[in-house]
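Visitor: My questions all concern the structure below.
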Amino acid sequence: MWEDDNEGFVACFLIKKDGSKTGQGRRGYLEEGAWDAIHVIEVGPEEEENTNHQLTSTVMLTLTTNNESSRTFSLSGSIRRQMSMKLSVADGHLCNMGRMIEEMESKLRNSLDQVLLDYTGFNCVLVVIVSKE
């Protein structure tokens, strides 16, 4: 976390989810898999007990499967999205940032599911990597 030039601050959150053979989420034909997310939130100065929150998120996804019918298959990609919200200071900055990150991760997961992983066999692999177990 650091201060910015506009009397606000910036925070960065990194999330890594491991779905590889050695990871706890291994299921099915997944040999290797990772969900790496970078979330940067800019929080503006207080204005009438509210602050503007600007979130920029990038997710990098990699998957490798290996079985007799499909052999080895690798897929990777990334997606970046932004969102902005005016939120109450009374709820606390950390709670506001956490809610924004959870909402963004859900949106990114749905986007990746629809865009990159329209193949039915990979839908279950994605769920394994990003599940909240």
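Identifiers for the structure tokens are assigned positionally: chains receive A, B, ... in sequence, residues are indexed from 1 per chain, and ligands are indexed from 1 in the order shown.
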For A:Thr64, please output as a list in words all residues within 6 Å (counting only C-alpha atoms; exclusion window: fewer than 6 positions along the same chain).
Guide: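 Using only C-alpha atoms, the neighbours found are Glu31, Glu32, Phe73 and Ser74 of chain A.
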Visitor: Please indicate the distance in Å from atom CA of A:Cys95 to atom CA of A:Ala34, rounded to one decimal place.
Guide: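 Between these atoms lies a distance of 26.2 Å.
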Visitor: Write out as a VMD selection string which residues come within 8 Å of A:Trp35 when counting only C-alpha atoms, dropping same-chain ones fewer than 5 positions away.
Guide: chain A and resid 15 to 18 59 to 62 129 to 130
Visitor: How about saving the chosen residues, N, CA, C and O atoms kept, as a CSV table (one decimal), in the first residue's frame?
Guide:
chain,number,residue,atom,x,y,z
A,15,ILE,N,-3.3,-12.9,-5.8
A,15,ILE,CA,-3.9,-14.1,-5.4
A,15,ILE,C,-3.4,-15.2,-6.4
A,15,ILE,O,-3.4,-15.1,-7.6
A,16,LYS,N,-2.9,-16.3,-5.8
A,16,LYS,CA,-2.4,-17.4,-6.6
A,16,LYS,C,-3.2,-18.7,-6.1
A,16,LYS,O,-3.2,-19.0,-4.9
A,17,LYS,N,-3.7,-19.4,-7.1
A,17,LYS,CA,-4.4,-20.6,-6.8
A,17,LYS,C,-3.8,-21.7,-7.6
A,17,LYS,O,-3.6,-21.6,-8.8
A,18,ASP,N,-3.4,-22.8,-7.0
A,18,ASP,CA,-2.6,-23.9,-7.6
A,18,ASP,C,-3.5,-25.1,-7.8
A,18,ASP,O,-4.1,-25.6,-6.8
A,59,VAL,N,-6.1,-11.4,-14.6
A,59,VAL,CA,-6.0,-12.8,-14.2
A,59,VAL,C,-5.3,-13.5,-15.3
A,59,VAL,O,-5.6,-13.3,-16.5
A,60,MET,N,-4.3,-14.4,-14.9
A,60,MET,CA,-3.6,-15.2,-15.9
A,60,MET,C,-3.9,-16.7,-15.5
A,60,MET,O,-3.8,-17.1,-14.4
A,61,LEU,N,-4.4,-17.4,-16.5
A,61,LEU,CA,-4.9,-18.8,-16.3
A,61,LEU,C,-4.0,-19.7,-17.2
A,61,LEU,O,-3.9,-19.4,-18.3
A,62,THR,N,-3.6,-20.8,-16.6
A,62,THR,CA,-2.9,-21.8,-17.4
A,62,THR,C,-3.4,-23.2,-17.0
A,62,THR,O,-3.7,-23.5,-15.8
A,129,ILE,N,-9.8,-25.2,-10.2
A,129,ILE,CA,-8.8,-24.2,-9.9
A,129,ILE,C,-9.3,-23.1,-9.0
A,129,ILE,O,-8.6,-22.6,-8.1
A,130,VAL,N,-10.5,-22.6,-9.3
A,130,VAL,CA,-11.0,-21.4,-8.6
A,130,VAL,C,-12.0,-21.7,-7.5
A,130,VAL,O,-12.5,-20.8,-6.9
Visitor: Quote the spacing between atom CA of A:Glu103 and atom CA of A:Leu55 in Å to one decimal place.
Guide: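 For atom CA of A:Glu103 relative to atom CA of A:Leu55, the distance reads 10.7 Å.
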Visitor: If you count only C-alpha atoms, which residues fall within 9 Å of A:Ser84, apart from same-chain ones fewer than 2 positions away, as a list in words?
Guide: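 Contacts, with the query itself left out: Asn52, His53, Gln54, Leu55, Thr56, Gln82 and Lys86 of chain A.
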Visitor: Next, dump the selected residues to file, keeping only N, CA, C and O atoms, as a short mmCIF file (atom, residue, chain, number, x, y, z; two decimals), in the first residue's frame.
Guide:
data_model
loop_
_atom_site.label_atom_id
_atom_site.label_comp_id
_atom_site.auth_asym_id
_atom_site.auth_seq_id
_atom_site.Cartn_x
_atom_site.Cartn_y
_atom_site.Cartn_z
N ASN A 52 -14.07 7.28 -3.81
CA ASN A 52 -14.12 6.61 -5.10
C ASN A 52 -13.05 5.52 -5.12
O ASN A 52 -11.90 5.77 -4.78
N HIS A 53 -13.43 4.31 -5.49
CA HIS A 53 -12.53 3.17 -5.57
C HIS A 53 -12.45 2.75 -7.04
O HIS A 53 -13.47 2.45 -7.66
N GLN A 54 -11.23 2.71 -7.58
CA GLN A 54 -11.00 2.28 -8.96
C GLN A 54 -10.18 0.99 -8.90
O GLN A 54 -9.05 1.00 -8.40
N LEU A 55 -10.75 -0.11 -9.37
CA LEU A 55 -10.09 -1.42 -9.33
C LEU A 55 -9.68 -1.84 -10.73
O LEU A 55 -10.49 -1.80 -11.66
N THR A 56 -8.41 -2.23 -10.89
CA THR A 56 -7.92 -2.80 -12.14
C THR A 56 -7.41 -4.20 -11.81
O THR A 56 -6.55 -4.36 -10.93
N GLN A 82 -11.65 -3.46 -15.49
CA GLN A 82 -11.66 -2.37 -14.52
C GLN A 82 -13.08 -2.13 -14.05
O GLN A 82 -14.04 -2.37 -14.78
N LYS A 86 -18.28 4.19 -5.94
CA LYS A 86 -18.25 5.16 -4.87
C LYS A 86 -18.82 4.46 -3.65
O LYS A 86 -19.97 4.04 -3.65
#
Visitor: Considering only C-alpha atoms, return as a PDB file with C-alpha atoms, in the first residue's frame whatever protein or nucleic-acid residues lie within 6 Å of A:Asn50, sequence-local ones (same chain, fewer than 6 positions apart) excluded.
Guide:
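Listing of around-v6.pdb after writing:
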ATOM      1  CA  LEU A  87     -18.381   3.504  -1.442  1.00  0.00           C
ATOM      2  CA  SER A  88     -19.063   4.591   2.116  1.00  0.00           C
ATOM      3  CA  VAL A  89     -16.091   5.234   4.398  1.00  0.00           C
TER       4      VAL A  89
END
Visitor: Just the residues within 7 Å of stretch 4-9 of chain A, please, counting only C-alpha atoms, with nothing from its chain fewer than 3 positions along; format it as a PyMOL selection string.
Guide: chain A and resi 42-45
Visitor: Out of A:Glu68, A:Arg81, A:Glu47, A:Leu30, which residue has the shortest atom-to-atom distance to A:Ile101 when counting only C-alpha atoms?
Guide: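 Counting only C-alpha atoms, the residue closest to A:Ile101 is A:Arg81.
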Visitor: Taking into account only C-alpha atoms, which residue in the set A:Leu63, A:Ala37, A:Leu94, A:Met85 is nearest to A:Arg109?
Guide: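 The shortest atom-to-atom distance to A:Arg109 comes from A:Ala37.
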Visitor: Give me, please, the distance in Å between atom CA of A:Phe13 and atom CA of A:Ile38, quoted to one decimal.
Guide: 6.0 Å
Visitor: Can you tell me, as a VMD selection string, which residues in stretch 20-115 of chain A count as strand (DSSP E or B) by DSSP?
Guide: chain A and resid 30 to 43 47 50 to 67 71 to 88
